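A.B. asks: My structure file final_31.pdb, PDB, C-alpha atoms, pLDDT in the B column, is below:
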MODEL        1
ATOM      1  CA  ALA A   1     -10.361 -20.885  -5.181  1.00 71.00           C
ATOM      2  CA  GLN A   2     -12.404 -19.521  -8.009  1.00 80.00           C
ATOM      3  CA  THR A   3     -11.402 -16.701 -10.336  1.00 90.00           C
ATOM      4  CA  VAL A   4     -13.489 -14.752 -12.812  1.00 95.00           C
ATOM      5  CA  THR A   5     -11.971 -12.734 -15.653  1.00 97.00           C
ATOM      6  CA  GLN A   6     -13.651 -10.082 -17.745  1.00 97.00           C
ATOM      7  CA  SER A   7     -11.224  -8.896 -20.381  1.00 96.00           C
ATOM      8  CA  GLN A   8     -13.311  -6.005 -21.736  1.00 97.00           C
ATOM      9  CA  PRO A   9     -13.196  -2.953 -19.453  1.00 97.00           C
ATOM     10  CA  GLU A  10     -15.587  -1.116 -21.755  1.00 97.00           C
ATOM     11  CA  MET A  11     -17.877  -1.937 -24.654  1.00 98.00           C
ATOM     12  CA  SER A  12     -19.959   0.327 -26.837  1.00 98.00           C
ATOM     13  CA  VAL A  13     -22.942  -0.580 -29.002  1.00 98.00           C
ATOM     14  CA  GLN A  14     -25.526   1.240 -31.055  1.00 98.00           C
ATOM     15  CA  GLU A  15     -29.065   1.198 -29.783  1.00 97.00           C
ATOM     16  CA  ALA A  16     -31.039  -1.776 -31.177  1.00 97.00           C
ATOM     17  CA  GLU A  17     -27.844  -3.652 -32.044  1.00 98.00           C
ATOM     18  CA  THR A  18     -26.481  -6.799 -30.382  1.00 98.00           C
ATOM     19  CA  VAL A  19     -23.486  -6.903 -28.092  1.00 98.00           C
ATOM     20  CA  THR A  20     -21.615  -9.737 -26.418  1.00 98.00           C
ATOM     21  CA  LEU A  21     -19.748  -9.396 -23.140  1.00 98.00           C
ATOM     22  CA  SER A  22     -17.011 -11.910 -22.416  1.00 98.00           C
ATOM     23  CA  CYS A  23     -16.282 -13.794 -19.222  1.00 98.00           C
ATOM     24  CA  THR A  24     -13.989 -16.681 -18.403  1.00 98.00           C
ATOM     25  CA  TYR A  25     -13.653 -18.421 -15.095  1.00 96.00           C
ATOM     26  CA  ASP A  26     -11.505 -20.952 -13.402  1.00 93.00           C
ATOM     27  CA  THR A  27     -12.690 -23.504 -10.887  1.00 87.00           C
ATOM     28  CA  SER A  28     -11.809 -27.020  -9.875  1.00 85.00           C
ATOM     29  CA  GLU A  29     -15.355 -27.728  -8.778  1.00 83.00           C
ATOM     30  CA  SER A  30     -17.873 -29.661 -10.837  1.00 82.00           C
ATOM     31  CA  ASP A  31     -21.040 -28.176  -9.363  1.00 83.00           C
ATOM     32  CA  TYR A  32     -21.213 -24.414  -9.575  1.00 89.00           C
ATOM     33  CA  TYR A  33     -23.358 -21.531 -10.717  1.00 91.00           C
ATOM     34  CA  LEU A  34     -22.546 -18.569 -12.910  1.00 94.00           C
ATOM     35  CA  PHE A  35     -24.229 -15.180 -12.898  1.00 95.00           C
ATOM     36  CA  TRP A  36     -24.353 -11.910 -14.726  1.00 98.00           C
ATOM     37  CA  TYR A  37     -25.234  -8.915 -12.580  1.00 97.00           C
ATOM     38  CA  LYS A  38     -25.985  -5.418 -13.813  1.00 97.00           C
ATOM     39  CA  GLN A  39     -25.049  -2.297 -11.855  1.00 97.00           C
ATOM     40  CA  PRO A  40     -26.669   0.852 -13.317  1.00 96.00           C
ATOM     41  CA  PRO A  41     -25.683   4.359 -12.207  1.00 93.00           C
ATOM     42  CA  SER A  42     -27.898   3.936  -9.141  1.00 92.00           C
ATOM     43  CA  ARG A  43     -25.375   1.244  -8.101  1.00 93.00           C
ATOM     44  CA  GLN A  44     -28.107  -1.226  -7.173  1.00 94.00           C
ATOM     45  CA  MET A  45     -26.931  -4.702  -8.159  1.00 95.00           C
ATOM     46  CA  ILE A  46     -29.502  -6.488 -10.304  1.00 95.00           C
ATOM     47  CA  LEU A  47     -29.399 -10.123 -11.373  1.00 94.00           C
ATOM     48  CA  VAL A  48     -29.560 -10.405 -15.150  1.00 97.00           C
ATOM     49  CA  ILE A  49     -29.222 -14.128 -15.692  1.00 96.00           C
ATOM     50  CA  ARG A  50     -28.102 -17.313 -13.966  1.00 94.00           C
ATOM     51  CA  GLN A  51     -26.639 -20.562 -15.314  1.00 94.00           C
ATOM     52  CA  GLU A  52     -26.280 -23.847 -13.508  1.00 91.00           C
ATOM     53  CA  ALA A  53     -23.110 -25.625 -14.560  1.00 91.00           C
ATOM     54  CA  TYR A  54     -24.809 -29.013 -14.770  1.00 90.00           C
ATOM     55  CA  LYS A  55     -27.261 -27.720 -17.372  1.00 90.00           C
ATOM     56  CA  GLN A  56     -26.073 -27.870 -20.960  1.00 87.00           C
ATOM     57  CA  GLN A  57     -28.801 -25.593 -22.237  1.00 93.00           C
ATOM     58  CA  ASN A  58     -27.878 -21.932 -22.318  1.00 95.00           C
ATOM     59  CA  ALA A  59     -29.969 -19.720 -20.057  1.00 94.00           C
ATOM     60  CA  THR A  60     -32.163 -17.050 -21.639  1.00 95.00           C
ATOM     61  CA  GLU A  61     -34.077 -14.141 -20.155  1.00 94.00           C
ATOM     62  CA  ASN A  62     -35.909 -12.124 -22.806  1.00 96.00           C
ATOM     63  CA  ARG A  63     -33.229 -10.110 -24.659  1.00 97.00           C
ATOM     64  CA  PHE A  64     -30.429 -11.573 -22.563  1.00 98.00           C
ATOM     65  CA  SER A  65     -28.843 -14.922 -23.277  1.00 97.00           C
ATOM     66  CA  VAL A  66     -25.609 -16.645 -22.430  1.00 98.00           C
ATOM     67  CA  ASN A  67     -23.177 -18.797 -24.337  1.00 97.00           C
ATOM     68  CA  PHE A  68     -21.950 -21.276 -21.750  1.00 97.00           C
ATOM     69  CA  GLN A  69     -18.947 -23.296 -22.866  1.00 96.00           C
ATOM     70  CA  LYS A  70     -18.126 -25.508 -19.897  1.00 94.00           C
ATOM     71  CA  ALA A  71     -15.028 -27.145 -21.330  1.00 93.00           C
ATOM     72  CA  ALA A  72     -13.579 -23.777 -22.259  1.00 95.00           C
ATOM     73  CA  LYS A  73     -14.784 -22.249 -18.970  1.00 95.00           C
ATOM     74  CA  SER A  74     -16.389 -19.436 -20.874  1.00 97.00           C
ATOM     75  CA  PHE A  75     -19.646 -17.657 -20.005  1.00 97.00           C
ATOM     76  CA  SER A  76     -20.454 -14.778 -22.332  1.00 98.00           C
ATOM     77  CA  LEU A  77     -23.550 -12.585 -22.180  1.00 98.00           C
ATOM     78  CA  LYS A  78     -25.389 -11.551 -25.328  1.00 98.00           C
ATOM     79  CA  ILE A  79     -27.715  -8.591 -25.237  1.00 98.00           C
ATOM     80  CA  SER A  80     -30.022  -8.337 -28.236  1.00 98.00           C
ATOM     81  CA  ASP A  81     -31.858  -5.211 -29.364  1.00 98.00           C
ATOM     82  CA  SER A  82     -29.824  -3.053 -26.988  1.00 98.00           C
ATOM     83  CA  GLN A  83     -31.747  -0.341 -25.209  1.00 97.00           C
ATOM     84  CA  LEU A  84     -30.603   2.840 -23.533  1.00 97.00           C
ATOM     85  CA  GLY A  85     -31.597   1.357 -20.176  1.00 97.00           C
ATOM     86  CA  ASP A  86     -29.063  -1.408 -20.669  1.00 98.00           C
ATOM     87  CA  ALA A  87     -26.229   1.050 -20.087  1.00 98.00           C
ATOM     88  CA  ALA A  88     -24.495  -0.093 -16.898  1.00 97.00           C
ATOM     89  CA  MET A  89     -21.578  -1.988 -15.427  1.00 97.00           C
ATOM     90  CA  TYR A  90     -21.948  -5.718 -15.977  1.00 98.00           C
ATOM     91  CA  PHE A  91     -20.294  -8.151 -13.605  1.00 98.00           C
ATOM     92  CA  CYS A  92     -19.787 -11.828 -14.199  1.00 98.00           C
ATOM     93  CA  ALA A  93     -19.750 -13.941 -11.018  1.00 95.00           C
ATOM     94  CA  SER A  94     -19.371 -17.522  -9.912  1.00 92.00           C
ATOM     95  CA  TRP A  95     -20.381 -19.568  -6.895  1.00 88.00           C
ATOM     96  CA  TYR A  96     -19.462 -23.073  -5.836  1.00 79.00           C
ATOM     97  CA  SER A  97     -22.616 -24.749  -4.566  1.00 68.00           C
ATOM     98  CA  GLY A  98     -20.692 -26.783  -2.014  1.00 64.00           C
ATOM     99  CA  GLY A  99     -19.686 -23.561  -0.329  1.00 56.00           C
ATOM    100  CA  GLY A 100     -23.164 -22.688   0.887  1.00 55.00           C
ATOM    101  CA  ALA A 101     -21.943 -19.967   3.182  1.00 62.00           C
ATOM    102  CA  ASP A 102     -19.679 -18.353   0.620  1.00 78.00           C
ATOM    103  CA  GLY A 103     -20.215 -15.120  -1.228  1.00 82.00           C
ATOM    104  CA  LEU A 104     -19.925 -14.680  -4.972  1.00 87.00           C
ATOM    105  CA  THR A 105     -16.629 -14.180  -6.763  1.00 89.00           C
ATOM    106  CA  PHE A 106     -16.897 -11.254  -9.172  1.00 94.00           C
ATOM    107  CA  GLY A 107     -14.987 -10.281 -12.270  1.00 96.00           C
ATOM    108  CA  LYS A 108     -13.711  -6.726 -12.686  1.00 96.00           C
ATOM    109  CA  GLY A 109     -16.692  -5.700 -14.723  1.00 97.00           C
ATOM    110  CA  THR A 110     -17.445  -4.344 -18.190  1.00 98.00           C
ATOM    111  CA  HIS A 111     -18.806  -0.861 -18.670  1.00 97.00           C
ATOM    112  CA  LEU A 112     -21.460  -1.024 -21.387  1.00 98.00           C
ATOM    113  CA  ILE A 113     -22.230   2.155 -23.291  1.00 98.00           C
ATOM    114  CA  ILE A 114     -25.342   2.380 -25.466  1.00 98.00           C
ATOM    115  CA  GLN A 115     -25.114   4.928 -28.251  1.00 97.00           C
ATOM    116  CA  PRO A 116     -28.436   6.386 -29.397  1.00 95.00           C
TER     117      PRO A 116
ATOM    118  CA  GLY B   1     -38.794 -11.455  -4.754  1.00 72.00           C
ATOM    119  CA  ALA B   2     -36.354 -11.194  -1.887  1.00 85.00           C
ATOM    120  CA  VAL B   3     -35.623  -7.645  -0.791  1.00 92.00           C
ATOM    121  CA  VAL B   4     -32.592  -6.374   1.077  1.00 95.00           C
ATOM    122  CA  SER B   5     -32.654  -2.869   2.507  1.00 96.00           C
ATOM    123  CA  GLN B   6     -29.563  -0.928   3.504  1.00 97.00           C
ATOM    124  CA  HIS B   7     -29.393   2.248   5.535  1.00 97.00           C
ATOM    125  CA  PRO B   8     -28.122   4.909   5.372  1.00 97.00           C
ATOM    126  CA  SER B   9     -27.603   5.298   1.655  1.00 97.00           C
ATOM    127  CA  TRP B  10     -25.163   8.150   2.144  1.00 97.00           C
ATOM    128  CA  VAL B  11     -23.229   9.240   5.196  1.00 97.00           C
ATOM    129  CA  ILE B  12     -20.587  11.864   5.794  1.00 97.00           C
ATOM    130  CA  CYS B  13     -18.572  11.798   8.986  1.00 96.00           C
ATOM    131  CA  LYS B  14     -15.526  13.385  10.533  1.00 97.00           C
ATOM    132  CA  SER B  15     -12.248  11.551  10.777  1.00 97.00           C
ATOM    133  CA  GLY B  16     -11.996   9.576  14.006  1.00 97.00           C
ATOM    134  CA  THR B  17     -15.696   8.966  14.452  1.00 97.00           C
ATOM    135  CA  SER B  18     -17.561   5.686  14.002  1.00 97.00           C
ATOM    136  CA  VAL B  19     -20.306   4.970  11.517  1.00 98.00           C
ATOM    137  CA  LYS B  20     -22.879   2.188  11.573  1.00 98.00           C
ATOM    138  CA  ILE B  21     -24.532   0.794   8.440  1.00 98.00           C
ATOM    139  CA  GLU B  22     -27.568  -1.453   8.698  1.00 97.00           C
ATOM    140  CA  CYS B  23     -28.590  -4.239   6.367  1.00 97.00           C
ATOM    141  CA  ARG B  24     -32.005  -5.834   6.647  1.00 96.00           C
ATOM    142  CA  SER B  25     -33.653  -8.695   4.800  1.00 94.00           C
ATOM    143  CA  LEU B  26     -37.270  -7.532   4.539  1.00 94.00           C
ATOM    144  CA  ASP B  27     -39.163 -10.610   3.450  1.00 90.00           C
ATOM    145  CA  PHE B  28     -36.900 -13.532   4.220  1.00 90.00           C
ATOM    146  CA  GLN B  29     -34.586 -14.798   6.896  1.00 89.00           C
ATOM    147  CA  ALA B  30     -30.884 -14.574   6.217  1.00 88.00           C
ATOM    148  CA  THR B  31     -28.629 -16.676   8.382  1.00 82.00           C
ATOM    149  CA  THR B  32     -25.726 -15.378   6.347  1.00 87.00           C
ATOM    150  CA  MET B  33     -25.121 -11.923   4.945  1.00 92.00           C
ATOM    151  CA  PHE B  34     -22.154 -10.626   3.027  1.00 94.00           C
ATOM    152  CA  TRP B  35     -20.476  -7.239   3.128  1.00 96.00           C
ATOM    153  CA  TYR B  36     -18.743  -5.953   0.029  1.00 96.00           C
ATOM    154  CA  ARG B  37     -16.696  -2.851  -0.590  1.00 97.00           C
ATOM    155  CA  GLN B  38     -16.531  -1.147  -3.963  1.00 96.00           C
ATOM    156  CA  PHE B  39     -14.081   1.551  -4.994  1.00 92.00           C
ATOM    157  CA  PRO B  40     -14.965   3.869  -7.897  1.00 89.00           C
ATOM    158  CA  LYS B  41     -14.992   2.093 -11.244  1.00 87.00           C
ATOM    159  CA  GLN B  42     -13.909  -1.163  -9.646  1.00 92.00           C
ATOM    160  CA  SER B  43     -15.475  -4.482  -8.823  1.00 94.00           C
ATOM    161  CA  LEU B  44     -17.010  -5.671  -5.571  1.00 94.00           C
ATOM    162  CA  MET B  45     -14.542  -6.928  -3.012  1.00 93.00           C
ATOM    163  CA  LEU B  46     -15.847  -9.285  -0.349  1.00 92.00           C
ATOM    164  CA  MET B  47     -14.953  -7.958   3.080  1.00 94.00           C
ATOM    165  CA  ALA B  48     -16.616 -10.412   5.407  1.00 94.00           C
ATOM    166  CA  THR B  49     -19.312 -12.984   5.865  1.00 92.00           C
ATOM    167  CA  SER B  50     -21.768 -12.169   8.606  1.00 90.00           C
ATOM    168  CA  ASN B  51     -23.167 -15.189  10.451  1.00 85.00           C
ATOM    169  CA  GLU B  52     -26.273 -14.935  12.610  1.00 86.00           C
ATOM    170  CA  GLY B  53     -25.458 -15.630  16.219  1.00 85.00           C
ATOM    171  CA  SER B  54     -21.740 -16.055  15.712  1.00 87.00           C
ATOM    172  CA  LYS B  55     -18.613 -14.158  14.777  1.00 90.00           C
ATOM    173  CA  ALA B  56     -18.140 -12.828  11.301  1.00 92.00           C
ATOM    174  CA  THR B  57     -15.585 -14.350   8.975  1.00 92.00           C
ATOM    175  CA  TYR B  58     -13.251 -11.751   7.512  1.00 94.00           C
ATOM    176  CA  GLU B  59     -11.390 -11.929   4.235  1.00 92.00           C
ATOM    177  CA  GLN B  60      -7.640 -11.697   4.243  1.00 91.00           C
ATOM    178  CA  GLY B  61      -6.429  -8.154   4.644  1.00 94.00           C
ATOM    179  CA  VAL B  62      -9.645  -6.812   6.175  1.00 95.00           C
ATOM    180  CA  GLU B  63      -9.163  -5.428   9.676  1.00 95.00           C
ATOM    181  CA  LYS B  64     -11.789  -6.949  11.934  1.00 93.00           C
ATOM    182  CA  ASP B  65     -11.215  -4.308  14.603  1.00 95.00           C
ATOM    183  CA  LYS B  66     -11.799  -1.578  12.052  1.00 97.00           C
ATOM    184  CA  PHE B  67     -14.885  -3.107  10.480  1.00 97.00           C
ATOM    185  CA  LEU B  68     -17.096  -4.511  13.221  1.00 96.00           C
ATOM    186  CA  ILE B  69     -19.893  -6.770  12.064  1.00 95.00           C
ATOM    187  CA  ASN B  70     -22.825  -7.833  14.182  1.00 92.00           C
ATOM    188  CA  HIS B  71     -25.551 -10.206  13.046  1.00 91.00           C
ATOM    189  CA  ALA B  72     -27.877 -10.230  16.006  1.00 85.00           C
ATOM    190  CA  SER B  73     -31.003 -11.499  14.271  1.00 90.00           C
ATOM    191  CA  LEU B  74     -32.035 -13.429  11.182  1.00 90.00           C
ATOM    192  CA  THR B  75     -32.965 -10.215   9.394  1.00 93.00           C
ATOM    193  CA  LEU B  76     -30.369  -7.688  10.501  1.00 94.00           C
ATOM    194  CA  SER B  77     -26.631  -7.319  10.090  1.00 95.00           C
ATOM    195  CA  THR B  78     -24.688  -4.178  10.913  1.00 96.00           C
ATOM    196  CA  LEU B  79     -21.299  -2.951   9.791  1.00 97.00           C
ATOM    197  CA  THR B  80     -19.587  -0.394  12.010  1.00 97.00           C
ATOM    198  CA  VAL B  81     -16.590   1.436  10.645  1.00 98.00           C
ATOM    199  CA  THR B  82     -14.663   2.422  13.759  1.00 97.00           C
ATOM    200  CA  SER B  83     -12.389   5.446  13.995  1.00 97.00           C
ATOM    201  CA  ALA B  84     -13.032   6.186  10.369  1.00 97.00           C
ATOM    202  CA  HIS B  85     -10.349   7.840   8.249  1.00 96.00           C
ATOM    203  CA  PRO B  86     -10.482   9.272   4.730  1.00 96.00           C
ATOM    204  CA  GLU B  87      -9.086   6.038   3.269  1.00 96.00           C
ATOM    205  CA  ASP B  88     -12.208   4.262   4.553  1.00 97.00           C
ATOM    206  CA  SER B  89     -14.320   6.355   2.202  1.00 97.00           C
ATOM    207  CA  SER B  90     -15.973   3.943  -0.180  1.00 97.00           C
ATOM    208  CA  PHE B  91     -19.221   2.343  -1.287  1.00 97.00           C
ATOM    209  CA  TYR B  92     -20.299  -0.494   0.988  1.00 98.00           C
ATOM    210  CA  ILE B  93     -22.840  -3.055  -0.193  1.00 97.00           C
ATOM    211  CA  CYS B  94     -24.533  -5.777   1.797  1.00 97.00           C
ATOM    212  CA  SER B  95     -26.141  -8.870   0.347  1.00 95.00           C
ATOM    213  CA  ALA B  96     -27.915 -12.014   1.448  1.00 91.00           C
ATOM    214  CA  ARG B  97     -28.937 -15.371   0.129  1.00 82.00           C
ATOM    215  CA  ASP B  98     -32.512 -16.555   0.547  1.00 79.00           C
ATOM    216  CA  MET B  99     -31.962 -20.226   1.304  1.00 72.00           C
ATOM    217  CA  ALA B 100     -35.680 -20.917   1.406  1.00 74.00           C
ATOM    218  CA  SER B 101     -36.030 -20.093  -2.287  1.00 63.00           C
ATOM    219  CA  GLY B 102     -33.671 -22.777  -3.402  1.00 60.00           C
ATOM    220  CA  TYR B 103     -29.993 -23.525  -3.478  1.00 64.00           C
ATOM    221  CA  THR B 104     -29.112 -21.378  -6.442  1.00 72.00           C
ATOM    222  CA  GLY B 105     -26.405 -19.192  -5.011  1.00 75.00           C
ATOM    223  CA  GLU B 106     -28.108 -15.971  -6.082  1.00 83.00           C
ATOM    224  CA  LEU B 107     -27.380 -13.017  -3.850  1.00 87.00           C
ATOM    225  CA  PHE B 108     -29.845 -10.206  -3.240  1.00 92.00           C
ATOM    226  CA  PHE B 109     -28.201  -6.845  -2.738  1.00 95.00           C
ATOM    227  CA  GLY B 110     -28.964  -3.793  -0.688  1.00 96.00           C
ATOM    228  CA  GLU B 111     -28.928  -0.359  -2.270  1.00 96.00           C
ATOM    229  CA  GLY B 112     -25.438   0.332  -0.956  1.00 97.00           C
ATOM    230  CA  SER B 113     -24.060   2.970   1.388  1.00 98.00           C
ATOM    231  CA  ARG B 114     -21.674   5.678   0.293  1.00 97.00           C
ATOM    232  CA  LEU B 115     -19.337   6.651   3.120  1.00 97.00           C
ATOM    233  CA  THR B 116     -17.352   9.867   2.940  1.00 97.00           C
ATOM    234  CA  VAL B 117     -14.893  10.550   5.727  1.00 97.00           C
ATOM    235  CA  LEU B 118     -13.700  14.142   5.963  1.00 96.00           C
TER     236      LEU B 118
ENDMDL
END
Output the file's structure in the form of structure tokens.
C.D. replies:
Amino acid sequence: AQTVTQSQPEMSVQEAETVTLSCTYDTSESDYYLFWYKQPPSRQMILVIRQEAYKQQNATENRFSVNFQKAAKSFSLKISDSQLGDAAMYFCASWYSGGGADGLTFGKGTHLIIQP
Amino acid sequence: GAVVSQHPSWVICKSGTSVKIECRSLDFQATTMFWYRQFPKQSLMLMATSNEGSKATYEQGVEKDKFLINHASLTLSTLTVTSAHPEDSSFYICSARDMASGYTGELFFGEGSRLTVL
């Protein structure tokens, strides 16, 4: 079984500043994927970034980047130049690629507040 | 990109009635869809895995007779909340994986359905 832990229920950051959201996970598998999803007030789940466990290079998508520490089972999300539109719930999730028919395992989420 | 559409987005019903929520993959075929439930300010909880042409697989603690899932085609899964009661009020989200786009595990989500049982 996989578990995902987000220890920050809420984070606040000034507009244009940088913020890091924490996520740790636990799995016995060697081949897995990690995700950050964003859920704005509309509640539509949006993929922010994806990391394959076999890749050592940290994934980056524009202002969003991850710090993937495989040995420590840590997968934090860094948002640079925070914008008001970044305000949302952020969920960290994992998936074991051998379980092709399995859903994602989500953390409890972090509510990100952007202060203008 | 892959699009998943969910309908209705908001439904209010009386206690004891049944409600059906539809989930469609618009531009890809989904042999497997997933139904999640989300309580206010909480995370997504997987309810069941919907398999095209076969019975759904329910997570522990989810009543299969209460939450009926049908996956009759490669693009449509339905969730029926039977004999709904106020405690069934929640936000229900469906999702699917587009296997044709690569084995990446990414799920595409519907817009969600807010159920309120009076």
A.B. asks: I'd like the neighbourhood of stretch 70-82 of chain B as an MDAnalysis selection string, where a residue qualifies if any of its atoms comes within 7 Å (using all atoms listed in the file), though same-chain residues fewer than 2 positions away should be ignored.
C.D. replies: chainID B and resid 17:25 29:31 50:53 66:68 84
A.B. asks: Please, which residues of chain B lie no more than 8 Å from chain A when the count uses only C-alpha atoms, and can they be set out as a PyMOL selection string?
C.D. replies: chain B and resi 32+34+42-46+49+103-112
A.B. asks: So that I can check the surroundings of A:Ala59, please list as number ranges by chain every protein, DNA and RNA residue that reaches within 12 Å of it, counting all atoms listed in the file and ignoring chain neighbours fewer than 2 positions away.
C.D. replies: A: 33-36, 48-57, 61-69, 75-78
A.B. asks: When distances are computed from all atoms listed in the file, which of B:Lys41, B:His7, B:Arg97, B:His85 shows the smallest separation from A:Pro40?
C.D. replies: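 Among the listed residues, the smallest separation from A:Pro40 belongs to B:Lys41.
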A.B. asks: Could you work out how far atom CA of A:Ser12 lies from atom CA of A:Asp81, giving the answer in Å with one decimal?
C.D. replies: 13.4 Å
A.B. asks: Find the residues near A:Asp86: any atom within 10 Å, counting all atoms listed in the file, skip ones fewer than 6 places away on the same chain, and give them as a list in words.
C.D. replies: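 In the requested form, the answer reads Glu15, Lys38, Gln39, Pro40, Ile79, Leu112, Ile113 and Ile114 of chain A.
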A.B. asks: Quick one: of A:Gln14, A:Thr24, A:Thr60, A:Gln2, who's nearest to A:Cys92, counting all atoms listed in the file?
C.D. replies: A:Thr24
A.B. asks: Counting all atoms listed in the file, which residue out of B:Val62, B:Ile93, B:Ala100, B:Val117 sits closest to B:Gln38?
C.D. replies: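 The shortest atom-to-atom distance to B:Gln38 comes from B:Ile93.
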A.B. asks: Evaluated on this file, the PyMOL selection byres ((chain B and resi 116) around 6) picks out some residues - which ones are they, written as a list in words?
C.D. replies: Ile12, Ser89, Leu115 and Val117 of chain B
A.B. asks: Quote the spacing between atom CA of A:Ser80 and atom CA of A:Thr20 in Å to one decimal place.
C.D. replies: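 Taking atom CA of A:Ser80 as the start and atom CA of A:Thr20 as the end point, the length is 8.7 Å.
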A.B. asks: As an exercise, work out the distance from atom CA of A:Pro116 to atom CA of A:Glu10 in Å and give it to one decimal place.
C.D. replies: 16.7 Å
A.B. asks: Please write as a PDB file with C-alpha atoms, in the coordinates of the input the full residue list that the PyMOL selection byres ((chain B and resi 2) around 7) yields on this file.
C.D. replies:
ATOM      1  CA  GLY B   1     -38.794 -11.455  -4.754  1.00 72.00           C
ATOM      2  CA  VAL B   3     -35.623  -7.645  -0.791  1.00 92.00           C
ATOM      3  CA  VAL B   4     -32.592  -6.374   1.077  1.00 95.00           C
ATOM      4  CA  ASP B  27     -39.163 -10.610   3.450  1.00 90.00           C
ATOM      5  CA  PHE B  28     -36.900 -13.532   4.220  1.00 90.00           C
ATOM      6  CA  PHE B 108     -29.845 -10.206  -3.240  1.00 92.00           C
TER       7      PHE B 108
END
A.B. asks: Using only C-alpha atoms, collect all residues at a distance of at most 8 Å from (-13.9, -24.2, -9.5) as written in the file, then present them as a VMD selection string.
C.D. replies: chain A and resid 1 to 3 26 to 30 32 96
